[in-house]
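Colleague: Pasting input.tsv below, which is TSV, C-alpha atoms and all ligand atoms.
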```tsv
chain	number	residue	atom	x	y	z
A	1	CYS	CA	-17.60	-13.57	11.40
A	2	TYR	CA	-17.60	-9.77	11.70
A	3	ILE	CA	-14.20	-8.17	12.20
A	4	LEU	CA	-13.89	-4.51	13.17
A	5	ALA	CA	-10.57	-3.39	11.68
A	6	VAL	CA	-8.45	-0.35	12.57
A	7	GLU	CA	-5.63	1.17	10.50
A	8	THR	CA	-3.48	4.10	11.67
A	9	SER	CA	0.02	3.20	10.43
A	10	CYS	CA	0.66	6.42	8.54
A	11	ASP	CA	-1.58	9.36	7.65
A	12	GLU	CA	-4.98	7.73	7.17
A	13	THR	CA	-7.24	7.09	10.17
A	14	SER	CA	-9.46	4.23	9.04
A	15	ALA	CA	-11.98	1.81	10.53
A	16	ALA	CA	-13.99	-0.88	8.77
A	17	VAL	CA	-16.24	-3.83	9.40
A	18	VAL	CA	-15.47	-6.84	7.20
A	19	LYS	CA	-17.57	-10.00	7.08
A	20	ASN	CA	-15.75	-13.33	6.63
A	21	GLY	CA	-12.63	-11.58	5.33
A	22	THR	CA	-14.30	-10.82	2.03
A	23	GLU	CA	-17.34	-8.60	2.36
A	24	VAL	CA	-16.88	-4.94	3.25
A	25	MET	CA	-19.81	-3.80	5.43
A	26	SER	CA	-18.29	-0.34	6.04
A	27	ASN	CA	-14.95	1.34	5.39
A	28	LEU	CA	-14.33	4.82	6.78
A	29	ILE	CA	-11.18	6.75	5.92
A	30	ALA	CA	-10.12	10.12	7.36
A	31	SER	CA	-7.16	11.28	5.31
A	32	GLN	CA	-4.71	13.75	6.80
A	33	ILE	CA	-3.33	14.77	3.43
A	34	GLU	CA	-4.51	18.38	3.74
A	35	THR	CA	-2.77	18.69	7.11
A	36	HIS	CA	0.56	17.29	5.93
A	37	LYS	CA	0.59	19.05	2.56
A	38	ALA	CA	1.92	22.24	4.16
A	39	PHE	CA	5.00	20.31	5.32
A	40	GLY	CA	5.64	18.51	2.02
A	41	GLY	CA	5.29	15.10	3.67
A	42	VAL	CA	3.99	13.24	6.69
A	43	VAL	CA	5.06	14.71	10.05
A	44	PRO	CA	4.91	11.81	12.57
A	45	GLU	CA	3.94	13.91	15.61
A	46	VAL	CA	1.16	15.62	13.73
A	47	ALA	CA	-0.06	12.28	12.35
A	48	SER	CA	-0.38	10.81	15.86
A	49	ARG	CA	-2.30	13.81	17.12
A	50	LYS	CA	-4.70	13.71	14.17
A	51	HIS	CA	-5.30	9.97	14.71
A	52	VAL	CA	-6.23	10.70	18.33
A	53	GLU	CA	-8.72	13.33	17.17
A	54	ASN	CA	-10.37	11.07	14.61
A	55	ILE	CA	-10.20	7.50	15.86
A	56	THR	CA	-13.26	7.39	18.13
A	57	LEU	CA	-15.57	8.86	15.51
A	58	MET	CA	-14.19	6.49	12.84
A	59	LEU	CA	-14.84	3.44	15.05
A	60	ASP	CA	-18.39	4.55	15.91
A	61	GLU	CA	-19.19	5.32	12.29
A	62	ALA	CA	-17.77	2.02	11.00
A	63	ILE	CA	-20.05	0.07	13.35
A	64	ARG	CA	-23.04	2.31	12.64
A	65	GLN	CA	-22.67	2.14	8.84
A	66	ALA	CA	-22.21	-1.64	8.97
A	67	GLU	CA	-25.63	-1.74	10.64
A	68	ILE	CA	-24.58	-4.19	13.32
A	69	GLU	CA	-24.54	-4.06	17.11
A	70	PRO	CA	-21.11	-3.99	18.82
A	71	ASP	CA	-22.15	-7.31	20.44
A	72	GLN	CA	-22.17	-9.01	17.05
A	73	LEU	CA	-18.47	-8.33	16.45
A	74	SER	CA	-16.31	-11.46	16.47
A	75	ALA	CA	-12.97	-9.71	16.87
A	76	ILE	CA	-11.15	-6.40	16.65
A	77	ALA	CA	-8.17	-6.24	14.30
A	78	VAL	CA	-5.53	-3.55	14.26
A	79	THR	CA	-2.39	-2.81	12.27
A	80	GLU	CA	0.57	-3.54	14.59
A	81	GLY	CA	3.26	-2.67	12.00
A	82	PRO	CA	5.11	-1.70	9.94
A	83	GLY	CA	4.52	2.04	10.08
A	84	LEU	CA	5.15	5.11	12.22
A	85	VAL	CA	5.38	3.96	15.83
A	86	GLY	CA	3.38	6.85	17.32
A	87	ALA	CA	0.69	6.51	14.67
A	88	LEU	CA	0.42	2.74	15.14
A	89	LEU	CA	0.12	3.20	18.90
A	90	VAL	CA	-3.04	5.27	18.60
A	91	GLY	CA	-4.83	2.52	16.66
A	92	ILE	CA	-3.51	-0.17	18.97
A	93	MET	CA	-4.62	1.66	22.13
A	94	ALA	CA	-8.09	2.23	20.65
A	95	ALA	CA	-8.42	-1.40	19.53
A	96	LYS	CA	-7.24	-2.73	22.90
A	97	SER	CA	-9.61	-0.50	24.86
A	98	LEU	CA	-12.55	-1.56	22.74
A	99	ALA	CA	-11.58	-5.26	22.86
A	100	PHE	CA	-11.36	-4.98	26.64
A	101	ALA	CA	-14.60	-3.04	27.05
A	102	LEU	CA	-16.61	-5.28	24.72
A	103	ASP	CA	-14.80	-8.47	25.75
A	104	LYS	CA	-13.76	-9.28	22.17
A	105	LEU	CA	-10.76	-11.09	20.68
A	106	LEU	CA	-7.88	-8.92	19.46
A	107	ILE	CA	-5.94	-9.56	16.23
A	108	GLY	CA	-2.63	-7.78	15.55
A	109	THR	CA	-2.34	-7.42	11.79
A	110	HIS	CA	0.50	-6.78	9.33
A	111	HIS	CA	0.03	-3.68	7.17
A	112	ILE	CA	1.56	-5.20	4.03
A	113	ALA	CA	-0.41	-8.45	4.47
A	114	GLY	CA	-3.36	-6.05	4.47
A	115	HIS	CA	-2.31	-4.45	1.18
A	116	ILE	CA	-1.92	-7.93	-0.35
A	117	TYR	CA	-5.23	-9.27	1.00
A	118	ALA	CA	-7.07	-6.21	-0.35
A	119	ASN	CA	-7.19	-8.50	-3.38
A	120	ARG	CA	-9.31	-10.98	-1.41
A	121	LEU	CA	-12.03	-8.33	-1.33
A	122	VAL	CA	-12.15	-8.69	-5.13
A	123	GLN	CA	-12.03	-12.43	-5.70
A	124	PRO	CA	-10.76	-15.72	-4.20
A	125	ILE	CA	-6.99	-16.16	-4.25
A	126	GLU	CA	-5.42	-19.22	-5.86
A	127	TYR	CA	-2.12	-20.50	-4.54
A	128	PRO	CA	0.74	-20.43	-5.27
A	129	CYS	CA	0.49	-16.77	-6.21
A	130	MET	CA	2.79	-13.79	-6.55
A	131	ALA	CA	2.16	-10.38	-5.02
A	132	LEU	CA	3.76	-7.25	-6.41
A	133	VAL	CA	3.68	-4.81	-3.48
A	134	VAL	CA	4.22	-1.18	-4.47
A	135	SER	CA	3.59	1.41	-1.79
A	136	GLY	CA	4.98	4.46	-0.05
A	137	GLY	CA	7.46	2.45	1.99
A	138	HIS	CA	7.69	-0.92	0.24
A	139	THR	CA	8.51	-2.42	-3.16
A	140	GLU	CA	8.50	-6.19	-2.97
A	141	LEU	CA	7.77	-9.39	-4.82
A	142	VAL	CA	6.17	-11.81	-2.38
A	143	LEU	CA	5.65	-15.48	-3.19
A	144	MET	CA	2.69	-17.03	-1.39
A	145	GLU	CA	2.81	-20.81	-1.67
A	146	ARG	CA	-0.31	-21.20	0.43
A	147	GLU	CA	-2.64	-19.01	2.43
A	148	GLY	CA	-0.74	-17.08	5.03
A	149	SER	CA	2.73	-17.96	3.78
A	150	PHE	CA	4.79	-14.99	2.64
A	151	GLN	CA	8.23	-15.32	1.05
A	152	LEU	CA	10.12	-12.22	-0.04
A	153	ILE	CA	11.88	-13.04	-3.30
A	154	GLY	CA	12.78	-9.45	-4.16
A	155	GLN	CA	12.70	-5.98	-2.66
A	156	THR	CA	14.00	-2.49	-3.18
A	157	ARG	CA	17.60	-1.82	-2.24
A	158	ASP	CA	16.97	1.89	-1.73
A	159	ASP	CA	13.81	3.95	-2.36
A	160	ALA	CA	10.31	2.48	-2.49
A	161	VAL	CA	8.36	3.24	-5.68
A	162	GLY	CA	5.85	5.49	-3.89
A	163	GLU	CA	8.68	7.37	-2.22
A	164	ALA	CA	10.35	7.89	-5.63
A	165	TYR	CA	7.05	9.13	-7.05
A	166	ASP	CA	6.64	11.60	-4.20
A	167	LYS	CA	10.21	12.94	-4.56
A	168	VAL	CA	9.95	13.24	-8.34
A	169	ALA	CA	6.59	14.97	-7.92
A	170	ARG	CA	8.11	17.50	-5.57
A	171	ALA	CA	10.91	18.23	-8.07
A	172	LEU	CA	8.25	18.80	-10.73
A	173	GLY	CA	6.39	21.21	-8.45
A	174	PHE	CA	3.51	19.08	-7.17
A	175	PRO	CA	2.26	18.90	-3.56
A	176	TYR	CA	2.40	15.80	-1.33
A	177	PRO	CA	1.45	13.05	-2.09
A	178	GLY	CA	2.67	13.48	-5.64
A	179	GLY	CA	2.11	10.01	-7.10
A	180	PRO	CA	-1.33	10.72	-8.57
A	181	HIS	CA	-0.12	14.03	-10.10
A	182	VAL	CA	2.85	12.38	-11.84
A	183	ASP	CA	0.55	9.58	-13.07
A	184	LYS	CA	-1.88	12.09	-14.59
A	185	LEU	CA	0.83	14.23	-16.18
A	186	ALA	CA	2.59	11.17	-17.60
A	187	LEU	CA	-0.58	9.90	-19.26
A	188	GLU	CA	-1.26	13.31	-20.83
A	189	ALA	CA	2.31	13.88	-22.04
A	190	ALA	CA	2.94	14.11	-25.78
A	191	GLU	CA	6.63	13.32	-25.43
A	192	SER	CA	8.86	11.22	-23.23
A	193	GLU	CA	12.28	12.05	-21.85
A	194	HIS	CA	14.36	8.86	-21.82
A	195	LEU	CA	15.56	7.94	-18.34
A	196	PRO	CA	17.62	4.96	-17.12
A	197	ARG	CA	16.25	1.58	-16.00
A	198	ALA	CA	17.80	-0.24	-13.05
A	199	TRP	CA	17.69	-3.95	-13.87
A	200	LEU	CA	20.43	-4.96	-11.37
A	201	GLU	CA	21.86	-8.50	-11.80
A	202	PRO	CA	20.20	-10.51	-14.58
A	203	ASP	CA	18.58	-13.01	-12.19
A	204	SER	CA	17.69	-10.54	-9.45
A	205	TYR	CA	14.14	-9.72	-8.38
A	206	ASP	CA	15.37	-6.74	-6.39
A	207	PHE	CA	14.62	-3.16	-7.33
A	208	SER	CA	16.42	0.17	-7.17
A	209	PHE	CA	14.88	3.56	-7.79
A	210	SER	CA	17.37	6.02	-6.30
A	211	GLY	CA	19.44	6.22	-9.53
A	212	LEU	CA	16.31	6.98	-11.53
A	213	LYS	CA	15.25	9.59	-8.98
A	214	SER	CA	18.68	11.28	-9.21
A	215	ALA	CA	18.49	11.22	-13.01
A	216	VAL	CA	15.14	13.00	-12.82
A	217	LEU	CA	16.50	15.63	-10.41
A	218	ASN	CA	19.52	16.25	-12.70
A	219	THR	CA	17.33	16.55	-15.77
A	220	VAL	CA	15.01	18.98	-14.02
A	221	ASN	CA	18.00	21.12	-12.99
A	222	GLN	CA	19.37	21.16	-16.54
A	223	HIS	CA	16.06	22.37	-17.92
A	224	LYS	CA	15.86	25.01	-15.20
A	225	MET	CA	19.40	26.25	-15.89
A	226	ARG	CA	18.59	26.62	-19.56
A	227	GLY	CA	15.57	28.66	-18.54
A	228	GLU	CA	13.21	26.24	-20.24
A	229	GLU	CA	9.56	25.71	-19.38
A	230	GLY	CA	6.99	23.02	-19.96
A	231	TYR	CA	9.49	20.17	-19.60
A	232	GLN	CA	7.63	18.51	-16.71
A	233	ALA	CA	5.27	16.31	-18.70
A	234	ALA	CA	8.00	14.57	-20.72
A	235	ILE	CA	9.95	13.87	-17.53
A	236	ALA	CA	6.88	12.53	-15.73
A	237	ARG	CA	6.20	10.21	-18.66
A	238	GLY	CA	9.83	9.10	-18.95
A	239	PHE	CA	9.97	8.41	-15.20
A	240	GLN	CA	6.71	6.49	-15.21
A	241	GLU	CA	7.80	4.43	-18.26
A	242	SER	CA	11.06	3.46	-16.57
A	243	VAL	CA	9.33	2.46	-13.33
A	244	ILE	CA	6.58	0.48	-15.05
A	245	GLU	CA	8.88	-1.36	-17.44
A	246	VAL	CA	11.03	-2.71	-14.61
A	247	LEU	CA	8.10	-3.55	-12.29
A	248	VAL	CA	6.14	-5.36	-14.99
A	249	GLU	CA	9.13	-7.26	-16.37
A	250	LYS	CA	10.30	-8.53	-12.98
A	251	ALA	CA	6.80	-9.41	-11.82
A	252	ILE	CA	6.11	-11.45	-14.98
A	253	ARG	CA	9.47	-13.21	-14.69
A	254	ALA	CA	8.77	-14.05	-11.04
A	255	VAL	CA	5.36	-15.49	-11.95
A	256	ARG	CA	6.93	-17.65	-14.69
A	257	ALA	CA	9.80	-18.87	-12.50
A	258	THR	CA	7.56	-19.92	-9.60
A	259	GLY	CA	4.52	-21.24	-11.45
A	260	ALA	CA	2.28	-18.75	-9.64
A	261	LYS	CA	-1.36	-19.03	-10.67
A	262	GLN	CA	-2.18	-15.39	-10.07
A	263	LEU	CA	-0.41	-12.07	-9.90
A	264	LEU	CA	-1.78	-9.76	-7.20
A	265	LEU	CA	-1.05	-6.04	-7.44
A	266	SER	CA	-1.05	-4.25	-4.08
A	267	GLY	CA	-0.12	-1.06	-2.22
A	268	GLY	CA	-0.80	2.62	-2.80
A	269	VAL	CA	1.03	2.72	-6.15
A	270	ALA	CA	-1.38	0.00	-7.38
A	271	ALA	CA	-3.65	3.02	-7.92
A	272	ASN	CA	-1.30	4.13	-10.74
A	273	ARG	CA	-3.29	4.05	-13.96
A	274	GLY	CA	-0.23	3.55	-16.16
A	275	LEU	CA	0.92	0.57	-14.11
A	276	ARG	CA	-2.56	-1.00	-14.00
A	277	ALA	CA	-2.91	-0.68	-17.78
A	278	SER	CA	0.58	-2.03	-18.61
A	279	LEU	CA	0.24	-4.97	-16.24
A	280	ALA	CA	-3.23	-5.80	-17.57
A	281	GLU	CA	-1.95	-5.73	-21.14
A	282	ARG	CA	1.13	-7.89	-20.47
A	283	CYS	CA	-0.78	-10.38	-18.32
A	284	ALA	CA	-3.46	-10.72	-21.01
A	285	SER	CA	-0.91	-11.46	-23.72
A	286	GLU	CA	1.00	-13.87	-21.45
A	287	LYS	CA	-2.19	-15.52	-20.17
A	288	ILE	CA	-1.44	-14.71	-16.54
A	289	ALA	CA	-4.39	-14.16	-14.18
A	290	LEU	CA	-4.07	-10.67	-12.73
A	291	VAL	CA	-5.97	-9.32	-9.72
A	292	ILE	CA	-6.02	-5.58	-8.99
A	293	PRO	CA	-7.98	-4.01	-6.12
A	294	PRO	CA	-10.38	-1.13	-6.85
A	295	PHE	CA	-8.76	2.28	-6.26
A	296	LYS	CA	-10.35	2.71	-2.81
A	297	TYR	CA	-8.61	-0.45	-1.50
A	298	CYS	CA	-5.16	0.39	-2.92
A	299	THR	CA	-4.10	3.23	-0.61
A	300	ASP	CA	-4.29	2.75	3.16
A	301	ASN	CA	-7.68	1.58	4.46
A	302	ALA	CA	-8.98	-0.62	7.26
A	303	ALA	CA	-11.02	-2.96	5.03
A	304	MET	CA	-7.79	-4.58	3.81
A	305	ILE	CA	-6.72	-5.05	7.45
A	306	GLY	CA	-10.01	-6.85	8.11
A	307	ALA	CA	-9.34	-9.12	5.11
A	308	ALA	CA	-5.83	-10.04	6.33
A	309	ALA	CA	-6.93	-10.43	9.97
A	310	TYR	CA	-9.36	-13.12	8.84
A	311	LEU	CA	-6.35	-15.41	8.19
A	312	LYS	CA	-5.48	-15.21	11.87
A	313	TRP	CA	-9.12	-15.60	12.86
A	314	LYS	CA	-9.27	-18.88	10.92
A	315	GLN	CA	-6.05	-20.07	12.57
A	316	GLY	CA	-7.39	-19.11	15.99
A	317	SER	CA	-4.30	-17.04	16.60
A	318	PHE	CA	-5.08	-13.97	18.67
A	319	SER	CA	-3.17	-11.19	20.40
A	320	ASP	CA	-3.43	-10.28	24.07
A	321	LEU	CA	-3.61	-6.85	25.64
A	322	GLU	CA	0.20	-6.74	25.64
A	323	LEU	CA	0.15	-6.19	21.87
A	324	LYS	CA	2.82	-3.67	20.90
A	325	ALA	CA	3.48	-1.48	17.88
A	326	ASP	CA	6.33	-2.87	15.80
A	327	PRO	CA	7.54	-0.32	13.21
A	328	SER	CA	9.58	-3.00	11.40
A	329	LEU	CA	7.31	-6.03	11.80
A	330	SER	CA	8.40	-8.87	9.49
A	331	LEU	CA	5.90	-10.09	6.91
A	332	GLU	CA	7.49	-13.54	6.59
A	333	GLU	CA	7.15	-14.16	10.33
A	334	TRP	CA	3.77	-12.54	10.86
A	335	LEU	CA	1.65	-15.72	10.77
B	401	LIG	P1	3.53	1.35	3.25
B	401	LIG	O1	2.24	0.75	2.80
B	401	LIG	O2	4.71	0.85	2.51
B	401	LIG	O3	3.69	1.31	4.73
B	401	LIG	P2	2.21	3.87	2.95
B	401	LIG	O4	1.13	3.17	3.71
B	401	LIG	O5	2.64	5.21	3.36
B	401	LIG	O6	3.46	2.91	2.87
B	401	LIG	P3	0.40	3.67	0.78
B	401	LIG	O7	-0.70	4.42	1.41
B	401	LIG	O8	0.25	2.24	0.63
B	401	LIG	O9	1.81	3.97	1.46
B	401	LIG	O10	0.67	4.34	-0.59
B	401	LIG	C1	0.90	5.74	-0.67
B	401	LIG	C2	1.85	5.97	-1.81
B	401	LIG	O11	1.17	5.65	-3.04
B	401	LIG	C3	2.31	7.41	-1.92
B	401	LIG	O12	3.71	7.40	-2.12
B	401	LIG	C4	1.56	7.91	-3.15
B	401	LIG	O13	2.25	8.92	-3.87
B	401	LIG	C5	1.46	6.65	-3.98
B	401	LIG	N1	0.39	6.72	-4.97
B	401	LIG	C6	-0.93	6.86	-4.77
B	401	LIG	N2	-1.60	6.94	-5.94
B	401	LIG	C7	-0.64	6.85	-6.92
B	401	LIG	C8	-0.66	6.89	-8.34
B	401	LIG	N3	-1.79	7.03	-9.02
B	401	LIG	N4	0.53	6.77	-8.99
B	401	LIG	C9	1.68	6.62	-8.31
B	401	LIG	N5	1.76	6.60	-6.99
B	401	LIG	C10	0.62	6.71	-6.30
B	402	MG	MG	-1.06	7.52	3.20
B	403	FE	FE	0.26	1.35	3.05
```
Using structure tokens, write down the structure that the file contains.
Ligand code: ATP
Ligand code: MG
Ligand code: FE

Modeller:
Amino acid sequence: CYILAVETSCDETSAAVVKNGTEVMSNLIASQIETHKAFGGVVPEVASRKHVENITLMLDEAIRQAEIEPDQLSAIAVTEGPGLVGALLVGIMAAKSLAFALDKLLIGTHHIAGHIYANRLVQPIEYPCMALVVSGGHTELVLMEREGSFQLIGQTRDDAVGEAYDKVARALGFPYPGGPHVDKLALEAAESEHLPRAWLEPDSYDFSFSGLKSAVLNTVNQHKMRGEEGYQAAIARGFQESVIEVLVEKAIRAVRATGAKQLLLSGGVAANRGLRASLAERCASEKIALVIPPFKYCTDNAAMIGAAAYLKWKQGSFSDLELKADPSLSLEEWL
């Protein structure tokens, strides 16, 4: 089964061919980061326009690099949500047109299911398992009792981790997207500025990062008012330590409480080196099987969409040409 997958939910235009939901034959990504940098974040209108410019070339290249004929495709998968509605629409229109022209099946796919199933590109998944989703718009603990079942047991009550990283990065003087800059600075820092941790209620799996973000902004302002310099590294490290401690602790507790056989890390912030290292260390000492996608499958890409779409392919559940973009598509109800 060859699935051609399309991802345009935010600021990456991506197309991939994935065989049997596990083998990446090609994975093309056109990032719009350079375009959006000037604005300090993603501008939806600009994102849509850029997707339109890039999508056709991405699709052609994905098929060409996979070294298959369009005829050999089994289905065309596309992210239907969540994401920016105008950005999603570009991918959906392209996927529909191609499905119609080539007479192929169409599979509407959930973006976060994609982030989670990026782990299937690494190794088989054992159920029940727990996914820690950390991305630009989501911070969730998802229990998967069996393939295709998604149960949200915790989520952020305010900012997503990636969003907090990007805002903190901006306060420290880094361009969008700031996550990787904060990660690097934190790992190089000699000292750490202590910042609060938001544990919420003792039994809660929810998260909150807006208090931490405000604490960072206040600390930055205090340093600025005192005319100090070179304070950024200690703040980056303190921020990263606070984020990681809470994420790791809650994820481990969720695994223990549910008897999950694996912990899957997913989403753009899964590229964070500090988080990867801390989780690996804790999981090793607690004898929990941890799966982490390679860096290239952490941030937005179409290969992960091909991996998730394979679930629907196996179920024989397909979309028709009425498929619509759904900016707030529910993960629990997707399959
Ligand atoms: P969502 O997946 O929730 O719809 P999104 O698709 O915009 O949101 P992703 O592409 O999954 O988000 O992830 C992008 C986010 O990951 C950005 O906020 C970025 O700063 C963050 N990120 C990327 N690399 C790192 C890193 N090394 N450390 C921390 N954050 C990172
Ligand atoms: Mg992005
Ligand atoms: Fe994403």

Colleague: Nearest to A:Ser317 among A:Leu106, A:Met58, A:Ala15, A:Leu279, with distances taken over all atoms listed in the file: which residue is it?

Modeller: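 Smallest separation from A:Ser317 among the options: A:Leu106.
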
Colleague: Just checking: using all atoms listed in the file, which residue out of A:Gln315, A:Ser242, A:Thr156, A:Thr35 ends up closest to A:Ile107?

Modeller: A:Gln315

Colleague: Using only C-alpha atoms, find each residue in stretch 47-159 of chain A having at least one atom no more than 12 Å away from stretch 27-32 of chain A; report its shortest atom-to-atom pair and that distance in Å (one decimal), rows by chain then rising number, as a tab-separated table.

Modeller:
```
residue	atom	partner	partner_atom	distance
A:Ala47	CA	A:Gln32	CA	7.4
A:Ser48	CA	A:Gln32	CA	10.5
A:Arg49	CA	A:Gln32	CA	10.6
A:Lys50	CA	A:Gln32	CA	7.4
A:His51	CA	A:Gln32	CA	8.8
A:Val52	CA	A:Ala30	CA	11.7
A:Glu53	CA	A:Ala30	CA	10.4
A:Asn54	CA	A:Ala30	CA	7.3
A:Ile55	CA	A:Ala30	CA	8.9
A:Thr56	CA	A:Ala30	CA	11.5
A:Leu57	CA	A:Leu28	CA	9.7
A:Met58	CA	A:Leu28	CA	6.3
A:Leu59	CA	A:Leu28	CA	8.4
A:Asp60	CA	A:Leu28	CA	10.0
A:Glu61	CA	A:Leu28	CA	7.4
A:Ala62	CA	A:Leu28	CA	6.1
A:Ile63	CA	A:Asn27	CA	9.5
A:Arg64	CA	A:Leu28	CA	10.8
A:Gln65	CA	A:Asn27	CA	8.5
A:Ala66	CA	A:Asn27	CA	8.6
A:Ala87	CA	A:Gln32	CA	12.0
```

Colleague: For the interface of chain A with ligand LIG 401 (chain B) (cut-off 8 Å, counting only C-alpha atoms and all ligand atoms), please tabulate each contacting residue of chain A alongside its nearest pair of atoms and their separation in Å to one decimal, rows sorted by chain and increasing number, as JSON lines.

Modeller:
```
{"residue": "A:Ser9", "atom": "CA", "partner": "B:LIG401", "partner_atom": "O4", "distance": 6.8}
{"residue": "A:Cys10", "atom": "CA", "partner": "B:LIG401", "partner_atom": "O5", "distance": 5.7}
{"residue": "A:Asp11", "atom": "CA", "partner": "B:LIG401", "partner_atom": "O5", "distance": 7.3}
{"residue": "A:Glu12", "atom": "CA", "partner": "B:LIG401", "partner_atom": "O7", "distance": 7.9}
{"residue": "A:Pro82", "atom": "CA", "partner": "B:LIG401", "partner_atom": "O3", "distance": 6.2}
{"residue": "A:Gly83", "atom": "CA", "partner": "B:LIG401", "partner_atom": "O3", "distance": 5.5}
{"residue": "A:His111", "atom": "CA", "partner": "B:LIG401", "partner_atom": "O1", "distance": 6.6}
{"residue": "A:Ile112", "atom": "CA", "partner": "B:LIG401", "partner_atom": "O1", "distance": 6.1}
{"residue": "A:His115", "atom": "CA", "partner": "B:LIG401", "partner_atom": "O1", "distance": 7.1}
{"residue": "A:Val134", "atom": "CA", "partner": "B:LIG401", "partner_atom": "O2", "distance": 7.3}
{"residue": "A:Ser135", "atom": "CA", "partner": "B:LIG401", "partner_atom": "O8", "distance": 4.2}
{"residue": "A:Gly136", "atom": "CA", "partner": "B:LIG401", "partner_atom": "O9", "distance": 3.5}
{"residue": "A:Gly137", "atom": "CA", "partner": "B:LIG401", "partner_atom": "O2", "distance": 3.2}
{"residue": "A:His138", "atom": "CA", "partner": "B:LIG401", "partner_atom": "O2", "distance": 4.1}
{"residue": "A:Thr139", "atom": "CA", "partner": "B:LIG401", "partner_atom": "O2", "distance": 7.6}
{"residue": "A:Ala160", "atom": "CA", "partner": "B:LIG401", "partner_atom": "O2", "distance": 7.7}
{"residue": "A:Val161", "atom": "CA", "partner": "B:LIG401", "partner_atom": "O12", "distance": 7.2}
{"residue": "A:Gly162", "atom": "CA", "partner": "B:LIG401", "partner_atom": "O12", "distance": 3.4}
{"residue": "A:Glu163", "atom": "CA", "partner": "B:LIG401", "partner_atom": "O12", "distance": 5.0}
{"residue": "A:Ala164", "atom": "CA", "partner": "B:LIG401", "partner_atom": "O12", "distance": 7.5}
{"residue": "A:Tyr165", "atom": "CA", "partner": "B:LIG401", "partner_atom": "O13", "distance": 5.8}
{"residue": "A:Asp166", "atom": "CA", "partner": "B:LIG401", "partner_atom": "O13", "distance": 5.2}
{"residue": "A:Tyr176", "atom": "CA", "partner": "B:LIG401", "partner_atom": "O13", "distance": 7.3}
{"residue": "A:Pro177", "atom": "CA", "partner": "B:LIG401", "partner_atom": "O13", "distance": 4.6}
{"residue": "A:Gly178", "atom": "CA", "partner": "B:LIG401", "partner_atom": "O13", "distance": 4.9}
{"residue": "A:Gly179", "atom": "CA", "partner": "B:LIG401", "partner_atom": "O13", "distance": 3.4}
{"residue": "A:Pro180", "atom": "CA", "partner": "B:LIG401", "partner_atom": "N3", "distance": 3.7}
{"residue": "A:His181", "atom": "CA", "partner": "B:LIG401", "partner_atom": "N3", "distance": 7.3}
{"residue": "A:Val182", "atom": "CA", "partner": "B:LIG401", "partner_atom": "N4", "distance": 6.7}
{"residue": "A:Asp183", "atom": "CA", "partner": "B:LIG401", "partner_atom": "N4", "distance": 5.0}
{"residue": "A:Lys184", "atom": "CA", "partner": "B:LIG401", "partner_atom": "N3", "distance": 7.5}
{"residue": "A:Gly267", "atom": "CA", "partner": "B:LIG401", "partner_atom": "O8", "distance": 4.4}
{"residue": "A:Gly268", "atom": "CA", "partner": "B:LIG401", "partner_atom": "O10", "distance": 3.2}
{"residue": "A:Val269", "atom": "CA", "partner": "B:LIG401", "partner_atom": "C10", "distance": 4.0}
{"residue": "A:Ala270", "atom": "CA", "partner": "B:LIG401", "partner_atom": "C7", "distance": 6.9}
{"residue": "A:Ala271", "atom": "CA", "partner": "B:LIG401", "partner_atom": "N3", "distance": 4.6}
{"residue": "A:Asn272", "atom": "CA", "partner": "B:LIG401", "partner_atom": "N3", "distance": 3.4}
{"residue": "A:Arg273", "atom": "CA", "partner": "B:LIG401", "partner_atom": "N3", "distance": 6.0}
{"residue": "A:Gly274", "atom": "CA", "partner": "B:LIG401", "partner_atom": "N4", "distance": 7.9}
{"residue": "A:Cys298", "atom": "CA", "partner": "B:LIG401", "partner_atom": "O8", "distance": 6.7}
{"residue": "A:Thr299", "atom": "CA", "partner": "B:LIG401", "partner_atom": "O7", "distance": 4.1}
{"residue": "A:Asp300", "atom": "CA", "partner": "B:LIG401", "partner_atom": "O7", "distance": 4.3}
```

Colleague: Restricting the calculation to all atoms listed in the file: of A:Glu45, A:Asp159, A:Glu322, A:Glu69, which residue gets closest to A:Leu84?

Modeller: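 Nearest to A:Leu84: A:Glu45.
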
Colleague: Have a look at A:Phe239, A:Tyr117, A:Tyr127, A:Tyr310 and name the one nearest to A:Ile76; count only C-alpha atoms.

Modeller: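 Nearest candidate to A:Ile76 out of A:Phe239, A:Tyr117, A:Tyr127, A:Tyr310: A:Tyr310.
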
Colleague: Can you work out the spacing between atom CA of A:Val220 and atom CA of A:Arg276 in Å, to one decimal?

Modeller: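 About the pair atom CA of A:Val220 and atom CA of A:Arg276: they are 26.6 Å apart.
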
Colleague: Calculate how many Å separate atom CA of A:Glu249 from atom CA of A:Glu191, rounding to one decimal.

Modeller: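 Interatomic distance here is 22.6 Å.
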
Colleague: I'd like to know which of A:Ser149, A:Ser14, A:Ala95, A:Val24 is closest to A:Glu332, using all atoms listed in the file.

Modeller: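 Smallest distance to A:Glu332 is found for A:Ser149.
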
Colleague: Mind pulling up the distance from atom CA of A:Thr79 to atom CA of A:Thr8?

Modeller: 7.0 Å
